[in-house]
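Note: the block below is my_file.cif and it holds mmCIF, C-alpha atoms.
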data_upload
#
loop_
_atom_site.label_atom_id
_atom_site.label_comp_id
_atom_site.auth_asym_id
_atom_site.auth_seq_id
_atom_site.Cartn_x
_atom_site.Cartn_y
_atom_site.Cartn_z
CA MET A 1 94.61 97.70 86.26
CA ILE A 2 96.63 99.70 88.78
CA LEU A 3 96.96 103.45 88.47
CA VAL A 4 100.33 104.63 89.83
CA VAL A 5 100.29 108.37 90.43
CA ASP A 6 103.64 110.15 90.01
CA MET A 7 103.73 112.63 92.91
CA ASN A 8 107.01 114.33 91.91
CA TRP A 9 107.07 118.09 91.40
CA LYS A 10 106.96 117.78 87.62
CA LYS A 11 106.32 115.18 84.93
CA ASP A 12 109.33 113.17 83.69
CA SER A 13 111.43 114.39 86.62
CA LEU A 14 114.56 112.70 87.92
CA GLY A 15 112.42 111.61 90.87
CA TYR A 16 110.33 109.40 88.57
CA TYR A 17 113.10 106.79 88.33
CA GLU A 18 113.66 106.67 92.05
CA PHE A 19 110.14 106.86 93.44
CA VAL A 20 107.72 105.72 90.71
CA LEU A 21 109.51 103.11 88.62
CA PRO A 22 110.35 100.79 91.56
CA ILE A 23 106.64 100.73 92.51
CA VAL A 24 105.66 99.98 88.90
CA THR A 25 108.19 97.13 88.77
CA ILE A 26 106.60 95.49 91.83
CA ALA A 27 102.98 96.23 90.84
CA LYS A 28 103.50 94.85 87.34
CA THR A 29 104.28 91.43 88.78
CA GLN A 30 100.66 91.36 89.96
CA GLU A 31 98.66 93.35 87.45
CA GLU A 32 98.80 95.73 84.50
CA CYS A 33 99.83 99.30 85.40
CA ILE A 34 99.47 102.80 84.04
CA VAL A 35 101.38 105.81 85.35
CA LYS A 36 99.94 109.32 85.42
CA HIS A 37 101.50 112.44 86.87
CA PHE A 38 99.28 114.01 89.53
CA PHE A 39 98.63 116.98 87.21
CA GLU A 40 97.04 114.71 84.61
CA VAL A 41 94.88 112.21 86.52
CA THR A 42 91.46 112.14 84.83
CA ASN A 43 88.05 110.80 85.91
CA GLN A 44 88.46 108.21 83.19
CA ASN A 45 91.75 106.97 84.72
CA LEU A 46 90.06 106.75 88.10
CA SER A 47 87.06 104.82 86.82
CA GLN A 48 89.14 102.42 84.70
CA CYS A 49 91.57 101.31 87.39
CA ASP A 50 91.06 98.69 90.10
CA SER A 51 93.32 100.35 92.64
CA ILE A 52 95.57 103.39 92.98
CA ILE A 53 99.08 103.85 94.40
CA LEU A 54 100.43 107.35 95.13
CA SER A 55 104.23 107.44 94.91
CA GLY A 56 106.71 109.10 97.24
CA THR A 57 109.00 111.95 96.24
CA ALA A 58 112.44 113.40 96.99
CA LEU A 59 112.81 114.65 100.55
CA LYS A 60 112.71 118.32 99.51
CA ASP A 61 109.74 117.90 97.19
CA THR A 62 106.52 119.23 98.78
CA ALA A 63 104.71 120.10 95.53
CA THR A 64 101.62 117.97 96.20
CA LEU A 65 101.05 119.53 99.61
CA SER A 66 100.72 123.01 98.15
CA GLN A 67 98.17 121.87 95.54
CA PRO A 68 95.33 120.20 97.50
CA GLU A 69 92.87 121.07 94.72
CA LYS A 70 94.55 118.42 92.55
CA PHE A 71 93.56 115.70 95.03
CA MET A 72 89.88 116.37 95.64
CA TRP A 73 89.23 113.01 93.97
CA LEU A 74 90.89 111.21 96.91
CA LYS A 75 87.86 111.93 99.10
CA GLU A 76 85.36 110.98 96.42
CA THR A 77 86.82 107.79 94.99
CA GLU A 78 85.64 104.42 96.27
CA LYS A 79 88.68 102.73 94.71
CA PRO A 80 91.38 101.36 97.03
CA VAL A 81 94.24 103.85 97.44
CA LEU A 82 97.70 103.30 98.94
CA GLY A 83 99.63 106.51 99.56
CA ILE A 84 103.38 106.03 100.04
CA CYS A 85 105.35 108.70 101.96
CA ALA A 86 104.43 111.98 100.18
CA GLY A 87 101.36 110.02 99.05
CA MET A 88 100.39 109.39 102.67
CA GLU A 89 101.12 113.00 103.62
CA THR A 90 98.86 114.11 100.76
CA ILE A 91 96.10 111.77 101.96
CA GLY A 92 96.58 113.32 105.41
CA ALA A 93 96.34 116.88 104.08
CA THR A 94 93.28 116.02 101.95
CA PHE A 95 91.45 114.45 104.89
CA GLY A 96 92.20 117.44 107.11
CA MET A 97 95.02 115.98 109.22
CA ARG A 98 97.76 118.10 110.70
CA LEU A 99 101.25 117.61 109.24
CA ILE A 100 104.10 117.77 111.74
CA ARG A 101 107.84 118.03 111.10
CA CYS A 102 109.46 114.64 111.70
CA LEU A 103 112.69 113.54 110.06
CA GLU A 104 113.49 109.86 109.51
CA ILE A 105 116.11 108.72 106.99
CA GLY A 106 117.22 105.10 106.63
CA MET A 107 116.16 101.72 107.97
CA THR A 108 113.50 102.19 110.65
CA GLN A 109 111.81 99.80 113.06
CA ILE A 110 108.06 99.64 112.34
CA ASN A 111 105.91 98.27 115.14
CA MET A 112 102.53 96.71 114.45
CA LEU A 113 99.70 98.07 116.61
CA LYS A 114 96.74 96.24 115.15
CA GLU A 115 96.21 93.03 113.20
CA ASN A 116 95.65 93.84 109.57
CA PRO A 117 95.80 92.29 106.10
CA LEU A 118 98.95 94.11 104.88
CA PHE A 119 101.54 92.76 107.34
CA SER A 120 101.55 90.39 110.29
CA ARG A 121 104.45 91.41 112.52
CA ASP A 122 106.95 94.17 113.37
CA PHE A 123 109.50 94.81 110.63
CA LYS A 124 112.22 97.17 109.40
CA ALA A 125 111.62 99.51 106.48
CA TYR A 126 113.38 102.31 104.58
CA SER A 127 112.23 105.79 105.61
CA LEU A 128 112.78 109.09 103.84
CA HIS A 129 110.50 111.79 105.15
CA SER A 130 110.68 115.19 106.82
CA CYS A 131 107.11 115.31 108.11
CA CYS A 132 104.41 112.97 109.35
CA VAL A 133 100.66 113.09 109.91
CA GLU A 134 98.61 113.41 113.07
CA PRO A 135 95.82 110.96 112.16
CA SER A 136 92.21 112.09 112.47
CA GLU A 137 89.56 109.97 114.19
CA ASP A 138 88.43 108.69 110.78
CA PHE A 139 91.61 106.61 110.49
CA TYR A 140 92.98 103.54 112.25
CA VAL A 141 96.67 103.55 113.13
CA TRP A 142 98.10 100.15 112.19
CA ALA A 143 101.79 100.82 112.83
CA LYS A 144 104.20 103.30 114.39
CA SER A 145 107.94 103.87 114.58
CA THR A 146 109.48 105.37 117.72
CA LYS A 147 108.98 108.82 116.22
CA CYS A 148 105.65 108.76 114.39
CA VAL A 149 102.64 107.06 112.82
CA GLN A 150 103.72 104.84 109.91
CA ILE A 151 100.61 103.07 108.56
CA ILE A 152 97.03 104.33 108.56
CA LYS A 153 93.76 103.02 107.13
CA HIS A 154 90.51 104.93 106.76
CA LYS A 155 87.74 103.44 108.93
CA ASN A 156 85.11 103.45 106.19
CA LYS A 157 87.09 103.55 102.93
CA PRO A 158 89.84 101.40 101.38
CA THR A 159 92.29 104.30 101.77
CA TYR A 160 95.71 103.36 103.18
CA GLY A 161 98.87 105.32 103.94
CA ALA A 162 102.44 104.08 104.50
CA LEU A 163 104.96 106.70 105.54
CA PHE A 164 108.01 104.48 104.87
CA HIS A 165 108.93 103.28 101.36
CA PRO A 166 107.75 99.66 101.00
CA GLU A 167 109.17 99.51 97.45
CA VAL A 168 112.71 99.53 98.88
CA ARG A 169 112.77 96.59 101.31
CA ASN A 170 109.13 95.51 101.78
CA PRO A 171 107.64 94.83 98.33
CA GLU A 172 105.26 92.27 99.85
CA ILE A 173 103.22 95.12 101.38
CA ILE A 174 102.55 96.55 97.91
CA LYS A 175 101.75 93.08 96.57
CA ARG A 176 99.34 92.40 99.44
CA PHE A 177 97.59 95.73 98.88
CA ILE A 178 97.07 94.76 95.23
CA LEU A 179 95.97 91.17 95.99
CA LEU A 180 93.64 92.31 98.75
CA ASN A 181 91.80 94.48 96.33
CA LYS A 182 91.80 91.93 93.52
CA SER A 183 89.66 89.61 95.60
CA MET B 184 117.96 122.71 88.62
CA ARG B 185 121.74 122.95 89.02
CA LEU B 186 123.10 119.57 90.04
CA GLY B 187 126.41 118.04 91.09
CA VAL B 188 126.97 114.35 90.40
CA LEU B 189 128.85 112.13 92.87
CA PHE B 190 131.23 110.70 90.34
CA SER B 191 133.57 107.73 90.63
CA GLY B 192 134.05 107.13 86.91
CA GLY B 193 132.35 103.72 87.16
CA LYS B 194 129.28 102.64 85.20
CA ASP B 195 126.63 103.58 87.80
CA SER B 196 127.68 107.16 88.49
CA THR B 197 128.24 107.77 84.76
CA LEU B 198 124.79 106.40 83.88
CA ALA B 199 123.22 108.45 86.70
CA LEU B 200 124.96 111.51 85.24
CA HIS B 201 123.45 110.66 81.85
CA TYR B 202 119.92 110.55 83.36
CA ALA B 203 120.49 113.80 85.23
CA ALA B 204 121.92 115.66 82.24
CA GLU B 205 118.90 114.66 80.12
CA ARG B 206 116.59 116.46 82.54
CA GLU B 207 118.46 119.08 84.55
CA ASP B 208 121.68 121.14 84.44
CA VAL B 209 124.66 119.12 85.61
CA VAL B 210 127.23 121.76 86.53
CA CYS B 211 129.97 119.76 88.26
CA LEU B 212 131.26 116.38 89.33
CA ILE B 213 132.10 115.60 92.94
CA THR B 214 134.73 112.92 93.48
CA ILE B 215 136.01 111.40 96.68
CA ILE B 216 139.35 109.68 96.48
CA SER B 217 139.53 107.17 99.30
CA LYS B 218 142.85 105.88 100.56
CA ASN B 219 140.98 102.89 101.96
CA LYS B 220 140.66 100.26 99.23
CA GLU B 221 137.77 98.65 101.10
CA SER B 222 135.77 101.84 101.53
CA PHE B 223 132.06 101.24 102.23
CA MET B 224 131.11 104.41 100.40
CA TYR B 225 133.38 104.93 97.43
CA HIS B 226 134.37 103.04 94.35
CA THR B 227 138.18 102.92 94.32
CA PRO B 228 140.00 101.38 91.30
CA ASN B 229 141.18 103.97 88.79
CA ILE B 230 139.59 106.86 90.65
CA GLU B 231 142.51 109.00 89.40
CA ILE B 232 141.18 108.54 85.86
CA SER B 233 138.07 110.49 86.91
CA SER B 234 139.86 113.78 86.15
CA LEU B 235 140.39 112.61 82.56
CA GLN B 236 136.72 111.58 82.41
CA ALA B 237 135.72 115.03 83.75
CA GLU B 238 137.79 116.58 80.97
CA ALA B 239 136.10 114.31 78.42
CA LEU B 240 132.73 115.44 79.77
CA GLY B 241 133.75 119.10 79.83
CA LEU B 242 132.69 119.39 83.48
CA PRO B 243 134.57 120.87 86.44
CA GLN B 244 135.38 118.44 89.23
CA VAL B 245 135.48 118.98 92.98
CA ARG B 246 137.95 116.42 94.37
CA ARG B 247 138.54 115.43 97.98
CA THR B 248 140.90 112.85 99.40
CA THR B 249 139.76 110.91 102.43
CA GLU B 250 141.53 108.44 104.68
CA GLY B 251 138.43 106.32 104.20
CA LYS B 252 137.71 105.61 107.85
CA LYS B 253 134.12 104.46 108.15
CA GLU B 254 132.28 107.56 109.38
CA GLU B 255 135.03 110.19 108.90
CA GLU B 256 134.79 109.75 105.14
CA LEU B 257 131.26 111.09 105.40
CA SER B 258 132.39 114.43 106.77
CA ASP B 259 134.88 114.59 103.88
CA LEU B 260 131.98 113.95 101.50
CA GLU B 261 129.91 116.63 103.18
CA ASP B 262 132.81 119.10 102.85
CA ALA B 263 133.13 118.26 99.13
CA ILE B 264 129.40 118.70 98.52
CA ALA B 265 129.41 121.96 100.47
CA GLU B 266 132.38 123.13 98.36
CA ALA B 267 130.43 122.28 95.18
CA GLY B 268 127.51 124.23 96.63
CA GLY B 269 129.70 127.29 97.18
CA LYS B 270 131.63 127.15 93.91
CA PHE B 271 128.94 126.01 91.50
CA GLN B 272 125.69 126.93 93.32
CA ILE B 273 124.35 123.41 93.08
CA GLU B 274 120.79 122.91 94.30
CA GLY B 275 121.01 119.13 94.41
CA VAL B 276 123.19 116.04 94.27
CA VAL B 277 122.85 112.94 92.08
CA THR B 278 124.22 109.53 93.02
CA GLY B 279 124.52 106.21 91.19
CA ALA B 280 123.16 104.20 94.15
CA VAL B 281 121.21 101.15 92.98
CA GLU B 282 120.61 98.93 96.01
CA SER B 283 122.76 100.16 98.86
CA VAL B 284 120.60 101.60 101.60
CA TYR B 285 123.87 102.28 103.46
CA GLN B 286 125.12 104.66 100.74
CA ALA B 287 121.75 106.20 99.92
CA GLU B 288 120.89 106.94 103.54
CA ARG B 289 124.18 108.69 104.21
CA VAL B 290 124.04 110.91 101.13
CA GLN B 291 120.39 111.75 101.88
CA ARG B 292 121.39 112.85 105.40
CA ILE B 293 124.19 115.06 104.09
CA CYS B 294 121.94 116.66 101.47
CA ASN B 295 119.24 117.24 104.05
CA HIS B 296 121.79 118.86 106.35
CA LEU B 297 123.00 121.15 103.54
CA GLY B 298 119.47 121.91 102.30
CA LEU B 299 120.05 120.21 98.93
CA TRP B 300 117.90 117.93 96.79
CA CYS B 301 119.13 114.36 96.44
CA PHE B 302 118.41 112.10 93.47
CA ASN B 303 119.21 108.43 92.89
CA PRO B 304 117.92 107.80 89.36
CA LEU B 305 119.14 104.18 89.22
CA TRP B 306 117.56 103.27 92.56
CA LYS B 307 116.18 99.70 92.61
CA HIS B 308 116.72 99.24 88.88
CA GLU B 309 116.91 95.64 87.74
CA GLN B 310 120.61 94.85 87.43
CA LYS B 311 120.67 92.96 84.15
CA ALA B 312 118.53 95.68 82.55
CA LEU B 313 120.99 98.27 83.85
CA LEU B 314 123.91 96.50 82.19
CA GLU B 315 121.96 96.16 78.95
CA GLU B 316 121.09 99.84 79.04
CA LEU B 317 124.80 100.64 79.04
CA LEU B 318 125.18 98.71 75.79
CA GLU B 319 122.10 100.30 74.23
CA LYS B 320 123.45 103.74 75.05
CA ARG B 321 126.86 102.74 73.68
CA PHE B 322 128.84 103.11 76.87
CA GLU B 323 132.32 101.59 76.71
CA VAL B 324 132.93 100.08 80.13
CA ILE B 325 135.70 97.79 81.36
CA ILE B 326 135.90 95.61 84.45
CA SER B 327 138.50 97.30 86.63
CA GLY B 328 138.10 95.30 89.81
CA VAL B 329 136.88 91.85 90.85
CA PHE B 330 136.33 91.05 94.51
CA ALA B 331 134.51 87.73 94.74
CA TYR B 332 134.92 84.07 93.82
CA PRO B 333 134.71 82.77 91.08
CA LEU B 334 135.68 86.01 89.32
CA ASP B 335 139.39 85.85 88.48
CA GLU B 336 142.09 87.83 86.66
CA LYS B 337 140.66 86.83 83.27
CA TRP B 338 137.79 89.24 83.90
CA LEU B 339 140.03 92.24 84.52
CA GLY B 340 140.14 94.76 81.67
CA LYS B 341 137.31 92.99 79.79
CA GLN B 342 134.79 95.25 78.11
CA ILE B 343 131.13 94.83 79.08
CA ASP B 344 129.28 93.30 76.13
CA THR B 345 126.32 90.95 75.65
CA LYS B 346 128.44 87.85 76.18
CA LEU B 347 129.93 89.18 79.41
CA ILE B 348 126.47 90.15 80.74
CA ASP B 349 125.23 86.60 80.05
CA ARG B 350 128.20 85.18 81.93
CA LEU B 351 127.58 87.49 84.90
CA VAL B 352 123.90 86.51 85.00
CA ASP B 353 124.94 82.86 84.87
CA LEU B 354 127.22 83.42 87.87
CA GLN B 355 124.33 85.11 89.68
CA GLN B 356 122.29 81.92 89.29
CA LYS B 357 125.16 79.65 90.32
CA TYR B 358 126.88 81.68 93.04
CA GLY B 359 124.45 84.45 93.97
CA LEU B 360 126.73 87.18 92.60
CA SER B 361 125.03 90.48 91.83
CA PRO B 362 125.46 90.89 88.04
CA ALA B 363 125.89 94.65 88.28
CA GLY B 364 128.38 94.25 91.12
CA GLU B 365 126.06 95.84 93.65
CA GLY B 366 127.58 93.86 96.47
CA GLY B 367 130.97 95.24 95.48
CA GLU B 368 131.83 92.05 93.56
CA VAL B 369 132.76 93.98 90.42
CA GLU B 370 134.01 97.51 89.86
CA THR B 371 134.08 99.20 86.49
CA THR B 372 135.69 102.11 84.65
CA VAL B 373 133.95 104.01 81.84
CA LEU B 374 136.15 104.74 78.82
CA ASP B 375 133.42 106.27 76.66
CA ALA B 376 129.82 107.41 77.11
CA PRO B 377 127.32 109.44 75.04
CA LEU B 378 128.18 112.64 76.91
CA PHE B 379 131.95 112.20 76.52
CA LYS B 380 133.25 114.63 73.90
CA LYS B 381 136.39 112.49 73.62
CA LYS B 382 137.06 108.92 74.67
CA ILE B 383 139.73 107.44 76.88
CA GLU B 384 142.50 105.33 75.42
CA VAL B 385 144.42 103.17 77.87
CA LEU B 386 148.14 103.34 77.06
CA ASP B 387 149.57 101.36 79.94
CA TYR B 388 148.08 99.19 82.69
CA SER B 389 148.90 96.57 85.23
CA VAL B 390 146.89 93.64 86.54
CA GLU B 391 147.13 92.79 90.21
CA PHE B 392 145.36 89.66 91.46
CA LYS B 393 145.63 88.01 94.85
CA GLY B 394 143.35 85.53 96.60
CA ASN B 395 139.87 86.18 95.29
CA SER B 396 140.32 89.79 94.26
CA GLY B 397 142.19 91.94 91.83
CA VAL B 398 142.32 95.25 90.00
CA PHE B 399 143.01 96.41 86.48
CA LYS B 400 145.05 99.50 87.19
CA ILE B 401 145.25 102.11 84.43
CA LYS B 402 148.79 103.54 84.65
CA GLN B 403 148.67 105.84 81.66
CA ALA B 404 145.77 107.03 79.52
CA ARG B 405 144.85 109.87 77.20
CA LEU B 406 141.82 111.40 75.50
CA ILE B 407 141.36 110.69 71.80
CA SER B 408 138.76 111.77 69.24
CA LYS B 409 135.64 109.62 68.97
#
What does this structure look like when you write it as structure tokens?
Amino acid sequence: MILVVDMNWKKDSLGYYEFVLPIVTIAKTQEECIVKHFFEVTNQNLSQCDSIILSGTALKDTATLSQPEKFMWLKETEKPVLGICAGMETIGATFGMRLIRCLEIGMTQINMLKENPLFSRDFKAYSLHSCCVEPSEDFYVWAKSTKCVQIIKHKNKPTYGALFHPEVRNPEIIKRFILLNKS
Amino acid sequence: MRLGVLFSGGKDSTLALHYAAEREDVVCLITIISKNKESFMYHTPNIEISSLQAEALGLPQVRRTTEGKKEEELSDLEDAIAEAGGKFQIEGVVTGAVESVYQAERVQRICNHLGLWCFNPLWKHEQKALLEELLEKRFEVIISGVFAYPLDEKWLGKQIDTKLIDRLVDLQQKYGLSPAGEGGEVETTVLDAPLFKKKIEVLDYSVEFKGNSGVFKIKQARLISK
């Protein structure tokens, strides 16, 4: 089962339809899903799921970044986690990375820096972010755009971050993340 | 949150308005009337009817006319959104974008520039499900424009119902048409929706069809009790 965490500023927000539902639609083609808002993620949810996807949010929504106490579980869990956009920024903030202002809106060229199991070549993806992370030494950088780091992976944990929105034009990245962790 | 909805009077912007009004305060509609019939950004047939739809909804409307030149129309849109910000203190904008990265990206940029939230509640929704949702919610929607083979004048003015959805899905399989008209194959006009206090009655219309495209032009309409 996949746990999709709704990272929008409140439960049942307008952002749910735009940033959570498209991920659920893709994930459901691979495995059963449950959705929990970040306020209501429990230890039981974390232990029952096989992997976790953190959604993105509206550009102006920075609610998760001001509530790091709600994400202490990110450091503790051994479950695979994929943080998308605000999800990646939240992973960054939780693991002590610096967040820097960086605006990218629209289709963006993503360049592969390292061979990896999520994608095999450079590609274009939809971006919608106003800041990015400065990765710590604990993370590999798998891809960059001309402006910033786009995909990271923790060196010792199955914790991944994608700054662009794979649910818009690159659903195969979400599917590969799920399949990777099924096997 | 006080929101303005980018409103063309077609099915997508009206359904997006429905989602927004269920969760936040929709305080105005923002409508761009493009003189360019092939505008990349704005739905065009029957855009004039949007003022009647605004009246049916009981919402004020900020209207702007644009020549519809590719990037100039964006500054007209930004002016309209800024006007809505000044007049109605909107904090965010809602669009009916479903698949178009082109539209979504441009509205996101404008909202970012103006410091506003931007929501696309229909984003990436499955197109057949979207059409079915209109029926479930009892929207009354007609086809007001067809712009791709094999759609012909027989489609114009037809109301969206289960049979019509099945035919559109069939055409998707045969010809690759997007059933919800996301590629601009089909344009629609909403005559009634759950939030309409009155519904629109078409009194006079004309059908224009040439080559592989045509419009159902509403010449005269009025609001009637539901």
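Within 6 Å of the file-frame point (118.0, 100.3, 90.4), and using only C-alpha atoms, the polymer residues found are Val281, Leu305, Trp306, Lys307, His308 and Glu309 of chain B.
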Next on the checklist: Starting from the PyMOL selection byres ((chain B and resi 352) around 12), expand the selection into actual residues of this file and give them as a ChimeraX atom specification.
Outcome noted: /B:309-312,314-315,345-351,353-364
Checklist entry - When the cut-off is 6 Å and we count all atoms listed in the file, which residues of chain B are near chain A, given as number ranges by chain? => result B: 288, 300, 303-304, 306
Checklist entry - Which residues match the PyMOL selection byres ((chain B and resi 236) around 12) in the file above, as a PyMOL selection string? => result chain B and resi 190-194+196-197+212+214+229-235+237-244+372-376+378-384+404-407
Item to check | Residue neighbourhood A:Pro158, 9 Å, all atoms listed in the file, exclusion window fewer than 3 positions, as a VMD selection string | outcome: chain A and resid 78 to 82 153 to 155 181
Next on the checklist: Once the PyMOL selection byres ((chain A and resi 137) around 12) is applied to the coordinates I shared, what remains selected? I want it as an NGL selection string.
Outcome noted: :A and (92 or 95-97 or 134-136 or 138-141 or 152-156)
Checklist entry - When you draw a straight line from atom CA of B:Val245 to atom CA of B:Cys301, how long is it in Å? => result 17.3 Å
Item to check | atom CA of A:Val20 to atom CA of A:Val35, straight-line distance in Å | outcome: 8.3 Å
Checklist entry - Skipping near chain neighbours, those fewer than 6 positions away, what residues fall within 10 Å of B:Phe399 using all atoms listed in the file, listed as a ChimeraX atom specification? => result /B:228-229,325-329,336,338-341,370-372,388-392
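Our summary of the geometry notes that atom CA of B:Ser217 is positioned 25.0 Å from atom CA of B:Glu274.
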Checklist entry - Between A:Asn111, A:Asn116, A:Ser55, A:Gln44, which one has atoms that come closest to A:Ile91, using all atoms listed in the file? => result A:Ser55
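Closest approach to A:Leu118 from the set A:Ile174, A:Cys131, A:Met88, A:Leu65 is made by A:Ile174, with distances taken over all atoms listed in the file.
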Can you pull out the residues contacting A:Val4? Cut-off 9 Å, using all atoms listed in the file, and skip same-chain residues under 4 positions away; I want them as a compact mmCIF listing (two decimals) with C-alpha atoms, in the coordinates of the input.
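Wrote it out as result17.txt, contents follow:
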# COMPACT_ATOMS: atom_id res chain seq x y z
CA VAL A 20 107.72 105.72 90.71
CA ILE A 23 106.64 100.73 92.51
CA VAL A 24 105.66 99.98 88.90
CA ALA A 27 102.98 96.23 90.84
CA CYS A 33 99.83 99.30 85.40
CA ILE A 34 99.47 102.80 84.04
CA VAL A 35 101.38 105.81 85.35
CA LYS A 36 99.94 109.32 85.42
CA HIS A 37 101.50 112.44 86.87
CA SER A 51 93.32 100.35 92.64
CA ILE A 52 95.57 103.39 92.98
CA ILE A 53 99.08 103.85 94.40
CA LEU A 54 100.43 107.35 95.13
CA SER A 55 104.23 107.44 94.91
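Nearest residue to B:Leu334, choosing from B:Gln291, B:Gly397, B:Met184, B:Arg206 and counting all atoms listed in the file: B:Gly397.
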Item to check | Contact residues around A:Lys182 with all atoms listed in the file at 9 Å, ignoring same-chain residues under 2 positions, as a ChimeraX atom specification | outcome: /A:50-51,177-180
